[in-house]
file entry15.txt (compact mmCIF, C-alpha atoms)
# COMPACT_ATOMS: atom_id res chain seq x y z
CA MET A 1 22.07 44.03 108.33
CA THR A 2 19.83 46.97 107.44
CA PHE A 3 16.07 47.17 106.94
CA LYS A 4 14.15 49.98 105.25
CA TYR A 5 10.39 50.31 104.77
CA GLN A 6 8.67 52.74 102.42
CA GLU A 7 4.97 53.03 101.60
CA GLN A 8 4.02 53.51 97.96
CA VAL A 9 0.81 53.63 95.99
CA GLY A 10 -0.46 50.08 95.69
CA GLY A 11 1.72 48.61 98.43
CA PHE A 12 5.03 49.15 100.08
CA VAL A 13 8.71 48.44 99.47
CA THR A 14 11.04 46.79 101.91
CA GLU A 15 14.76 46.90 101.46
CA LEU A 16 17.04 44.48 103.23
CA GLY A 17 20.74 45.02 103.12
CA TYR A 18 23.60 42.82 104.20
CA LYS A 19 27.06 44.12 103.60
CA ALA A 20 27.14 45.19 99.92
CA GLN A 21 24.07 43.18 98.93
CA LYS A 22 20.55 44.65 98.85
CA THR A 23 17.20 43.06 98.15
CA SER A 24 13.97 44.90 97.42
CA THR A 25 10.51 43.38 97.38
CA LEU A 26 7.22 44.98 96.36
CA ILE A 27 4.35 43.41 98.25
CA PRO A 28 0.86 44.17 96.91
CA SER A 29 -1.30 46.06 99.35
CA ASP A 30 -4.07 43.45 99.05
CA THR A 31 -2.05 41.03 101.17
CA VAL A 32 -1.53 43.49 104.03
CA ASN A 33 -4.63 45.70 103.97
CA ASP A 34 -6.28 43.98 106.91
CA THR A 35 -3.20 44.30 109.10
CA VAL A 36 -2.41 47.88 108.09
CA ASN A 37 -6.03 49.01 108.36
CA GLY A 38 -6.44 47.27 111.69
CA THR A 39 -3.31 48.91 113.08
CA LEU A 40 -4.25 52.32 111.68
CA ASN A 41 -7.80 52.05 113.01
CA ASP A 42 -6.49 51.06 116.46
CA THR A 43 -4.21 54.11 116.48
CA VAL A 44 -6.99 56.47 115.38
CA ASN A 45 -9.37 54.95 117.92
CA LYS A 46 -6.85 55.35 120.74
CA ASP A 47 -6.34 59.02 119.84
CA ARG A 48 -10.10 59.56 119.65
CA LEU A 49 -10.62 57.83 123.00
CA SER A 50 -8.10 60.22 124.54
CA VAL A 51 -9.97 63.20 123.09
CA ILE A 52 -13.25 61.84 124.45
CA LEU A 53 -11.72 61.49 127.91
CA GLU A 54 -10.39 65.05 127.75
CA GLU A 55 -13.78 66.44 126.74
CA ILE A 56 -15.60 64.52 129.46
CA PHE A 57 -13.01 65.68 131.99
CA LYS A 58 -13.67 69.30 130.94
CA ASN A 59 -17.45 68.90 131.21
CA ASN A 60 -18.74 65.72 132.82
CA HIS A 61 -22.36 66.68 132.00
CA VAL A 62 -21.73 66.75 128.24
CA SER A 63 -24.38 64.95 126.16
CA ILE A 64 -23.63 62.27 123.61
CA ASP A 65 -24.88 64.49 120.78
CA ASP A 66 -22.75 67.46 121.87
CA LEU A 67 -19.70 65.25 122.34
CA ALA A 68 -20.17 63.67 118.89
CA LYS A 69 -20.32 67.15 117.32
CA THR A 70 -17.28 68.34 119.26
CA ILE A 71 -15.05 65.48 118.10
CA ASP A 72 -16.68 65.30 114.64
CA VAL A 73 -17.87 61.69 114.64
CA SER A 74 -21.28 60.11 114.22
CA ARG A 75 -23.42 59.47 117.27
CA ARG A 76 -23.08 55.71 116.71
CA THR A 77 -19.28 55.89 116.53
CA LEU A 78 -19.20 57.86 119.76
CA ILE A 79 -21.44 55.32 121.49
CA ARG A 80 -19.08 52.51 120.39
CA ASP A 81 -16.11 54.47 121.73
CA LEU A 82 -17.91 55.18 125.02
CA ASP A 83 -18.69 51.46 125.32
CA LYS A 84 -14.96 50.70 124.87
CA LEU A 85 -14.07 53.19 127.58
CA LYS A 86 -16.70 51.68 129.88
CA GLU A 87 -15.36 48.15 129.22
CA GLN A 88 -11.86 49.38 130.09
CA GLY A 89 -13.23 50.83 133.33
CA ARG A 90 -12.09 54.34 132.37
CA ILE A 91 -15.53 55.97 132.50
CA SER A 92 -18.96 55.29 133.93
CA ARG A 93 -22.30 56.99 133.71
CA VAL A 94 -23.86 58.09 137.00
CA GLY A 95 -27.59 58.76 136.89
CA SER A 96 -29.87 58.98 133.89
CA ASP A 97 -28.91 59.91 130.35
CA LYS A 98 -30.77 63.19 130.71
CA THR A 99 -29.71 64.40 134.16
CA GLY A 100 -26.69 62.23 134.93
CA TYR A 101 -22.99 62.83 134.48
CA TRP A 102 -19.83 61.03 133.40
CA GLN A 103 -17.33 59.83 135.96
CA VAL A 104 -13.75 59.46 134.75
CA SER A 105 -11.52 56.88 136.45
CA ILE A 106 -7.85 57.74 136.46
call {"tool": "encode", "arguments": {"input": "entry15.txt", "output": "structure tokens"}}
result
Amino acid sequence: MTFKYQEQVGGFVTELGYKAQKTSTLIPSDTVNDTVNGTLNDTVNKDRLSVILEEIFKNNHVSIDDLAKTIDVSRRTLIRDLDKLKEQGRISRVGSDKTGYWQVSI
């Protein structure tokens, strides 16, 4: 049995093959948008979280505004990402926002 997947405008095509028989089905993107977008967003977020960790590791005194500019996201998006990293126990803030620093847990 073979399985092929190909994205197209407006959806995607799957092709299932068994011996000499093949079946193709076009599934409208409306039925899978939530799953695809959720998976894509998770992947993008994981990549961005890695970049944030790298930047903090380079300079643990970096400000939220400077970090947001460096990785080209809004301040609010960065704060959400920092909250995720804090929840995961990967970073913590030591001291005040103004004079403190980031601590990265490996």
call {"tool": "atom_distance", "arguments": {"input": "entry15.txt", "atom1": "atom CA of Ile56 of chain A", "atom2": "atom CA of Leu82 of chain A"}}
result
10.6 Å
call {"tool": "atom_distance", "arguments": {"input": "entry15.txt", "atom1": "atom CA of Lys46 of chain A", "atom2": "atom CA of Phe3 of chain A"}}
result
28.0 Å
call {"tool": "atom_distance", "arguments": {"input": "entry15.txt", "atom1": "atom CA of Val73 of chain A", "atom2": "atom CA of Glu7 of chain A"}}
result
27.7 Å
call {"tool": "residues_near_point", "arguments": {"input": "entry15.txt", "point": "(-12.0, 57.8, 116.7)", "cutoff": "10 Å", "atoms": "only C-alpha atoms", "output": "list of chain:residue names"}}
result
A:Asn41, A:Asp42, A:Thr43, A:Val44, A:Asn45, A:Lys46, A:Asp47, A:Arg48, A:Leu49, A:Ser50, A:Val51, A:Ile52, A:Ile71, A:Asp72, A:Val73, A:Ser74, A:Thr77, A:Leu78, A:Arg80, A:Asp81
call {"tool": "write_last_selection", "arguments": {"input": "entry15.txt", "atoms": "C-alpha atoms", "output": "PDB file, in the coordinates of the input"}}
result
ATOM      1  CA  ASN A  41      -7.800  52.050 113.010  1.00  0.00           C
ATOM      2  CA  ASP A  42      -6.490  51.060 116.460  1.00  0.00           C
ATOM      3  CA  THR A  43      -4.210  54.110 116.480  1.00  0.00           C
ATOM      4  CA  VAL A  44      -6.990  56.470 115.380  1.00  0.00           C
ATOM      5  CA  ASN A  45      -9.370  54.950 117.920  1.00  0.00           C
ATOM      6  CA  LYS A  46      -6.850  55.350 120.740  1.00  0.00           C
ATOM      7  CA  ASP A  47      -6.340  59.020 119.840  1.00  0.00           C
ATOM      8  CA  ARG A  48     -10.100  59.560 119.650  1.00  0.00           C
ATOM      9  CA  LEU A  49     -10.620  57.830 123.000  1.00  0.00           C
ATOM     10  CA  SER A  50      -8.100  60.220 124.540  1.00  0.00           C
ATOM     11  CA  VAL A  51      -9.970  63.200 123.090  1.00  0.00           C
ATOM     12  CA  ILE A  52     -13.250  61.840 124.450  1.00  0.00           C
ATOM     13  CA  ILE A  71     -15.050  65.480 118.100  1.00  0.00           C
ATOM     14  CA  ASP A  72     -16.680  65.300 114.640  1.00  0.00           C
ATOM     15  CA  VAL A  73     -17.870  61.690 114.640  1.00  0.00           C
ATOM     16  CA  SER A  74     -21.280  60.110 114.220  1.00  0.00           C
ATOM     17  CA  THR A  77     -19.280  55.890 116.530  1.00  0.00           C
ATOM     18  CA  LEU A  78     -19.200  57.860 119.760  1.00  0.00           C
ATOM     19  CA  ARG A  80     -19.080  52.510 120.390  1.00  0.00           C
ATOM     20  CA  ASP A  81     -16.110  54.470 121.730  1.00  0.00           C
TER      21      ASP A  81
END
call {"tool": "residues_near_point", "arguments": {"input": "entry15.txt", "point": "(-12.4, 64.5, 130.9)", "cutoff": "12 Å", "atoms": "all atoms listed in the file", "output": "VMD selection string"}}
result
chain A and resid 49 to 62 67 85 90 to 92 101 to 106
call {"tool": "closest_residue", "arguments": {"input": "entry15.txt", "among": "A:Thr70, A:Gln8, A:Thr14, A:Ser63", "to": "Lys98 of chain A", "atoms": "only C-alpha atoms"}}
result
A:Ser63
